[in-house]
Protein chains: 2
Amino acid sequence: MPAPSKVLRAAPPLTTTKGEQTRALILDHAVRHAAVHGFEALTIGNLAEQAGLSKSGLFAHFGSKEDLQIAALDEAVRRYNEAAFLPALAAPRGLPRLRKLFEHWLEWTERSGLASCPMMTAAAEFDRRDGPMRDAIEAHMRRLHIELVKCADMVKASGEFDASVDTQQFAFELFGIFMAYYRAHNLFRDPHAAPYAHAAFERLVRNAQTPPAPARRAASRTP
Amino acid sequence: MPAPSKVLRAAPPLTTTKGEQTRALILDHAVRHAAVHGFEALTIGNLAEQAGLSKSGLFAHFGSKEDLQIAALDEAVRRYNEAAFLPALAAPRGLPRLRKLFEHWLEWTERSGLASCPMMTAAAEFDRRDGPMRDAIEAHMRRLHIELVKCADMVKASGEFDASVDTQQFAFELFGIFMAYYRAHNLFRDPHAAPYAHAAFERLVRNAQTPPAPARRAASRTP
């Protein structure tokens, strides 16, 4: 984890009530806890202990474990947007922006002071359950997917990708690279995780620039 | 989930004690539960209720929640080996075996009557924690990774992949395809998940067969 001074922090609103400050403090603890332990382990009890608050104090802000889980997930997505997605929009449309989005995505958890990506964990924990938490992570992941597709569509529109590229397929594969990166980086603690991810991204981009030649047909010279 | 008759089941050993049968019953419930709810949600209490046993009965087999989690993970890996890995070894070494392993991997949870891949969930839940459960899932995932690398090495040895292919990189990317498949299939319930995964696999294989031409150098005709 980077030194606190290097960690990107949201500027606090100029005026906040005591209640808003407490809620922000709780959510900060919640997102950090979920990044390590997942959302199933995010209980009112253990969070109250960490944040130095009473359980009843926490219940005043979040009526249930599920409300707390969803609020923590929303906060994680807000940090992703702030650290990865929005800064990428400063790059010119097309391949430069796609490349920036890729680079920021690999770095955003570290830049946000988080041990891992809470959305990836939530997706794995809740993808086979039913209920509001599943609905929330599915909606967030669909938005991320759609943004990747849009970004790839712009690369096609700029002519930097071949017109035949299936951008849904492209986004599917790009997401796989992020997930493989997290497994290598977090689970294997592999120092090559980022170089592997970059090499995979470059291969994906290269293929989209120059798709395989179509099967050669016998030339017909008869009219 | 396929009809029970189509689900692959391990043949029970010819002689089993009552204790072994109970342990197998508990683990069956545990693996199915973890495939839906993850391992953090796998408690002695809710499992006893599902298996129709007393809590003390479960404690006689698994001394702690952690013992139970690790035993359930081991059982999931045993099922993966039985349904995906071992049958792939029947295919000839080289590309046919790699292809079979890929196909079986996409199908193994369904063939085993599981809602999802428990190892993928465990990796996301425990990759940033410390302790025996993290060590167990890391060890299992490293074995899976090594098997993929070995399988790709054999394709190189057979001459079906170019000699320049980095099989660690290949395995990294192949794993990403599996993870992207689970996200599309489980979280998005996308009917195109398997076609996307197959197309990504074919692109990966095609690139390994014909790597990009090296940058052209100016021909030197002077001696």
# chains A, B, ... in the order shown; residues from 1 in each chain; ligands from 1
call {"tool": "interface_residues", "arguments": {"of": "chain B", "to": "chain A", "cutoff": "8 Å", "atoms": "only C-alpha atoms", "output": "MDAnalysis selection string"}}
result
chainID B and resid 35:38 40:41 115:116 120:121 123:129 138 142 169 172:173 175:180 183:184 186:188 196 200
call {"tool": "write_last_selection", "arguments": {"atoms": "N, CA and C atoms", "output": "compact mmCIF listing (two decimals), in the first residue's frame"}}
result
# COMPACT_ATOMS: atom_id res chain seq x y z
N ALA B 35 -20.49 -23.03 -3.29
CA ALA B 35 -20.60 -22.66 -4.71
C ALA B 35 -21.61 -21.53 -4.91
N VAL B 36 -22.57 -21.43 -4.01
CA VAL B 36 -23.57 -20.35 -4.11
C VAL B 36 -23.20 -19.17 -3.22
N HIS B 37 -22.86 -19.46 -1.96
CA HIS B 37 -22.72 -18.40 -0.95
C HIS B 37 -21.28 -18.05 -0.61
N GLY B 38 -20.32 -18.80 -1.12
CA GLY B 38 -18.93 -18.56 -0.77
C GLY B 38 -18.55 -19.28 0.52
N GLU B 40 -16.93 -17.83 3.25
CA GLU B 40 -17.10 -17.05 4.48
C GLU B 40 -18.46 -17.38 5.10
N ALA B 41 -19.45 -17.66 4.26
CA ALA B 41 -20.81 -17.94 4.73
C ALA B 41 -20.99 -19.41 5.12
N ALA B 115 -23.30 -24.82 -8.62
CA ALA B 115 -23.81 -23.57 -9.19
C ALA B 115 -22.70 -22.71 -9.77
N SER B 116 -21.49 -22.87 -9.25
CA SER B 116 -20.37 -22.07 -9.71
C SER B 116 -19.07 -22.75 -9.29
N MET B 120 -12.77 -20.38 -7.64
CA MET B 120 -12.75 -18.98 -8.09
C MET B 120 -13.27 -18.08 -6.96
N THR B 121 -14.35 -18.52 -6.31
CA THR B 121 -14.93 -17.74 -5.22
C THR B 121 -13.96 -17.64 -4.06
N ALA B 123 -10.75 -17.85 -4.08
CA ALA B 123 -9.61 -16.99 -4.42
C ALA B 123 -9.97 -15.52 -4.20
N ALA B 124 -11.17 -15.13 -4.65
CA ALA B 124 -11.58 -13.72 -4.49
C ALA B 124 -11.82 -13.38 -3.02
N GLU B 125 -12.32 -14.34 -2.25
CA GLU B 125 -12.62 -14.06 -0.84
C GLU B 125 -11.37 -13.98 0.03
N PHE B 126 -10.35 -14.79 -0.28
CA PHE B 126 -9.24 -14.95 0.67
C PHE B 126 -7.89 -14.43 0.17
N ASP B 127 -7.85 -13.86 -1.06
CA ASP B 127 -6.54 -13.52 -1.61
C ASP B 127 -5.81 -12.44 -0.83
N ARG B 128 -6.54 -11.63 -0.07
CA ARG B 128 -5.88 -10.56 0.68
C ARG B 128 -5.86 -10.82 2.19
N ARG B 129 -6.24 -12.01 2.61
CA ARG B 129 -6.16 -12.32 4.04
C ARG B 129 -4.93 -13.18 4.29
N GLU B 138 -4.33 -20.68 -2.36
CA GLU B 138 -3.15 -20.31 -3.16
C GLU B 138 -2.47 -21.57 -3.71
N ARG B 142 -2.09 -22.45 -7.62
CA ARG B 142 -0.76 -22.60 -8.22
C ARG B 142 -0.67 -23.93 -8.97
N GLN B 169 2.87 -16.62 -19.72
CA GLN B 169 1.97 -15.58 -20.23
C GLN B 169 0.70 -16.23 -20.80
N PHE B 172 -1.52 -17.29 -17.95
CA PHE B 172 -2.11 -16.08 -17.35
C PHE B 172 -3.35 -15.67 -18.14
N GLU B 173 -3.21 -15.61 -19.46
CA GLU B 173 -4.31 -15.15 -20.30
C GLU B 173 -5.45 -16.17 -20.36
N PHE B 175 -6.29 -18.20 -18.02
CA PHE B 175 -7.04 -18.09 -16.77
C PHE B 175 -8.00 -16.91 -16.80
N GLY B 176 -7.55 -15.81 -17.41
CA GLY B 176 -8.43 -14.65 -17.55
C GLY B 176 -9.70 -14.98 -18.33
N ILE B 177 -9.56 -15.84 -19.34
CA ILE B 177 -10.74 -16.24 -20.13
C ILE B 177 -11.74 -17.00 -19.25
N PHE B 178 -11.24 -17.91 -18.40
CA PHE B 178 -12.14 -18.64 -17.50
C PHE B 178 -12.87 -17.68 -16.57
N MET B 179 -12.13 -16.71 -16.03
CA MET B 179 -12.73 -15.78 -15.08
C MET B 179 -13.76 -14.89 -15.76
N ALA B 180 -13.44 -14.43 -16.98
CA ALA B 180 -14.39 -13.59 -17.72
C ALA B 180 -15.64 -14.40 -18.05
N ARG B 183 -17.85 -14.51 -14.95
CA ARG B 183 -18.55 -13.24 -14.74
C ARG B 183 -19.74 -13.12 -15.69
N ALA B 184 -19.51 -13.43 -16.97
CA ALA B 184 -20.59 -13.30 -17.96
C ALA B 184 -21.69 -14.33 -17.70
N ASN B 186 -22.32 -16.27 -14.79
CA ASN B 186 -22.96 -16.26 -13.47
C ASN B 186 -23.57 -14.91 -13.13
N LEU B 187 -22.80 -13.84 -13.33
CA LEU B 187 -23.29 -12.53 -12.89
C LEU B 187 -24.26 -11.94 -13.92
N PHE B 188 -23.89 -11.98 -15.20
CA PHE B 188 -24.73 -11.38 -16.25
C PHE B 188 -25.75 -12.37 -16.82
N TYR B 196 -18.26 -16.43 -26.32
CA TYR B 196 -17.19 -15.44 -26.12
C TYR B 196 -15.91 -16.14 -25.64
N ALA B 200 -12.33 -16.29 -27.59
CA ALA B 200 -11.11 -15.78 -26.95
C ALA B 200 -10.03 -16.86 -26.95
call {"tool": "residues_around", "arguments": {"residues": "region 89-99 of chain B", "least_positions_apart": "6", "cutoff": "7 Å", "atoms": "only C-alpha atoms", "output": "tab-separated table (two decimals) with C-alpha atoms, in the first residue's frame"}}
result
chain	number	residue	atom	x	y	z
B	151	CYS	CA	-0.12	-28.44	-20.99
B	152	ALA	CA	0.94	-25.41	-23.10
B	154	MET	CA	3.55	-29.87	-24.48
B	155	VAL	CA	1.87	-27.98	-27.33
B	158	SER	CA	4.78	-30.95	-30.35
B	160	GLU	CA	1.88	-26.89	-32.73
call {"tool": "atom_distance", "arguments": {"atom1": "CA of His104 (chain A)", "atom2": "CA of Leu148 (chain A)"}}
result
13.0 Å
call {"tool": "atom_distance", "arguments": {"atom1": "CA of Arg32 (chain B)", "atom2": "CA of Leu106 (chain B)"}}
result
17.6 Å
call {"tool": "atom_distance", "arguments": {"atom1": "CA of Thr43 (chain B)", "atom2": "CA of Ile70 (chain A)"}}
result
22.7 Å
call {"tool": "closest_residue", "arguments": {"among": "A:Thr210, A:Ser164, A:Gln50, A:Asn81", "to": "Glu147 (chain A)", "atoms": "only C-alpha atoms"}}
result
A:Asn81
call {"tool": "closest_residue", "arguments": {"among": "A:Gln209, A:Ser112, A:Ala76, A:Ala30", "to": "Gly159 (chain A)", "atoms": "only C-alpha atoms"}}
result
A:Gln209
call {"tool": "select_by_dssp", "arguments": {"residues": "region 92-216 of chain B", "states": "helix (DSSP H, G or I)", "output": "ChimeraX atom specification"}}
result
/B:95-111,118-126,132-157,167-187,193-209
call {"tool": "write_last_selection", "arguments": {"atoms": "C-alpha atoms", "output": "compact mmCIF listing (two decimals), in the first residue's frame"}}
result
# COMPACT_ATOMS: atom_id res chain seq x y z
CA LEU B 95 -3.21 -29.08 -28.76
CA PRO B 96 -5.96 -31.77 -28.55
CA ARG B 97 -5.35 -32.14 -24.79
CA LEU B 98 -5.21 -28.37 -24.20
CA ARG B 99 -8.47 -27.99 -26.11
CA LYS B 100 -10.15 -30.74 -24.09
CA LEU B 101 -8.94 -29.21 -20.84
CA PHE B 102 -10.39 -25.86 -21.89
CA GLU B 103 -13.75 -27.39 -22.86
CA HIS B 104 -14.01 -29.46 -19.69
CA TRP B 105 -13.12 -26.47 -17.55
CA LEU B 106 -16.01 -24.43 -18.94
CA GLU B 107 -18.39 -27.30 -18.23
CA TRP B 108 -17.10 -28.91 -15.06
CA THR B 109 -19.23 -27.10 -12.48
CA GLU B 110 -22.42 -27.96 -14.32
CA ARG B 111 -21.29 -31.57 -14.80
CA PRO B 118 -15.84 -22.78 -5.55
CA MET B 119 -12.13 -22.22 -6.19
CA MET B 120 -12.75 -18.98 -8.09
CA THR B 121 -14.93 -17.74 -5.22
CA ALA B 122 -12.42 -18.79 -2.56
CA ALA B 123 -9.61 -16.99 -4.42
CA ALA B 124 -11.58 -13.72 -4.49
CA GLU B 125 -12.62 -14.06 -0.84
CA PHE B 126 -9.24 -14.95 0.67
CA PRO B 132 -4.57 -21.53 6.42
CA MET B 133 -7.53 -20.96 4.08
CA ARG B 134 -5.53 -18.43 2.02
CA ASP B 135 -2.60 -20.86 1.94
CA ALA B 136 -4.90 -23.68 0.79
CA ILE B 137 -6.50 -21.75 -2.08
CA GLU B 138 -3.15 -20.31 -3.16
CA ALA B 139 -1.64 -23.82 -3.29
CA HIS B 140 -4.59 -25.17 -5.30
CA MET B 141 -4.52 -22.25 -7.74
CA ARG B 142 -0.76 -22.60 -8.22
CA ARG B 143 -1.24 -26.28 -9.08
CA LEU B 144 -3.96 -25.37 -11.61
CA HIS B 145 -1.68 -22.72 -13.09
CA ILE B 146 1.27 -25.14 -13.31
CA GLU B 147 -0.92 -27.72 -15.05
CA LEU B 148 -1.96 -25.12 -17.64
CA VAL B 149 1.68 -24.14 -18.21
CA LYS B 150 2.71 -27.82 -18.57
CA CYS B 151 -0.12 -28.44 -20.99
CA ALA B 152 0.94 -25.41 -23.10
CA ASP B 153 4.60 -26.56 -22.90
CA MET B 154 3.55 -29.87 -24.48
CA VAL B 155 1.87 -27.98 -27.33
CA LYS B 156 5.16 -26.17 -27.89
CA ALA B 157 7.09 -29.45 -27.71
CA THR B 167 3.72 -20.36 -21.67
CA GLN B 168 3.52 -18.50 -18.34
CA GLN B 169 1.97 -15.58 -20.23
CA PHE B 170 -0.26 -18.04 -22.10
CA ALA B 171 -1.55 -19.56 -18.84
CA PHE B 172 -2.11 -16.08 -17.35
CA GLU B 173 -4.31 -15.15 -20.30
CA LEU B 174 -6.13 -18.48 -20.43
CA PHE B 175 -7.04 -18.09 -16.77
CA GLY B 176 -8.43 -14.65 -17.55
CA ILE B 177 -10.74 -16.24 -20.13
CA PHE B 178 -12.14 -18.64 -17.50
CA MET B 179 -12.73 -15.78 -15.08
CA ALA B 180 -14.39 -13.59 -17.72
CA TYR B 181 -16.57 -16.59 -18.60
CA TYR B 182 -17.75 -16.95 -14.99
CA ARG B 183 -18.55 -13.24 -14.74
CA ALA B 184 -20.59 -13.30 -17.96
CA HIS B 185 -22.27 -16.64 -17.20
CA ASN B 186 -22.96 -16.26 -13.47
CA LEU B 187 -23.29 -12.53 -12.89
CA ALA B 193 -20.66 -16.38 -22.28
CA ALA B 194 -19.49 -19.72 -23.71
CA PRO B 195 -19.22 -18.46 -27.35
CA TYR B 196 -17.19 -15.44 -26.12
CA ALA B 197 -14.90 -17.75 -24.13
CA HIS B 198 -14.42 -20.08 -27.13
CA ALA B 199 -13.64 -17.15 -29.46
CA ALA B 200 -11.11 -15.78 -26.95
CA PHE B 201 -9.49 -19.22 -26.65
CA GLU B 202 -9.22 -19.60 -30.43
CA ARG B 203 -7.60 -16.16 -30.71
CA LEU B 204 -5.12 -17.07 -27.97
CA VAL B 205 -4.26 -20.36 -29.72
CA ARG B 206 -4.02 -18.71 -33.17
CA ASN B 207 -1.59 -16.11 -31.84
CA ALA B 208 0.53 -18.84 -30.24
CA GLN B 209 0.63 -20.73 -33.52
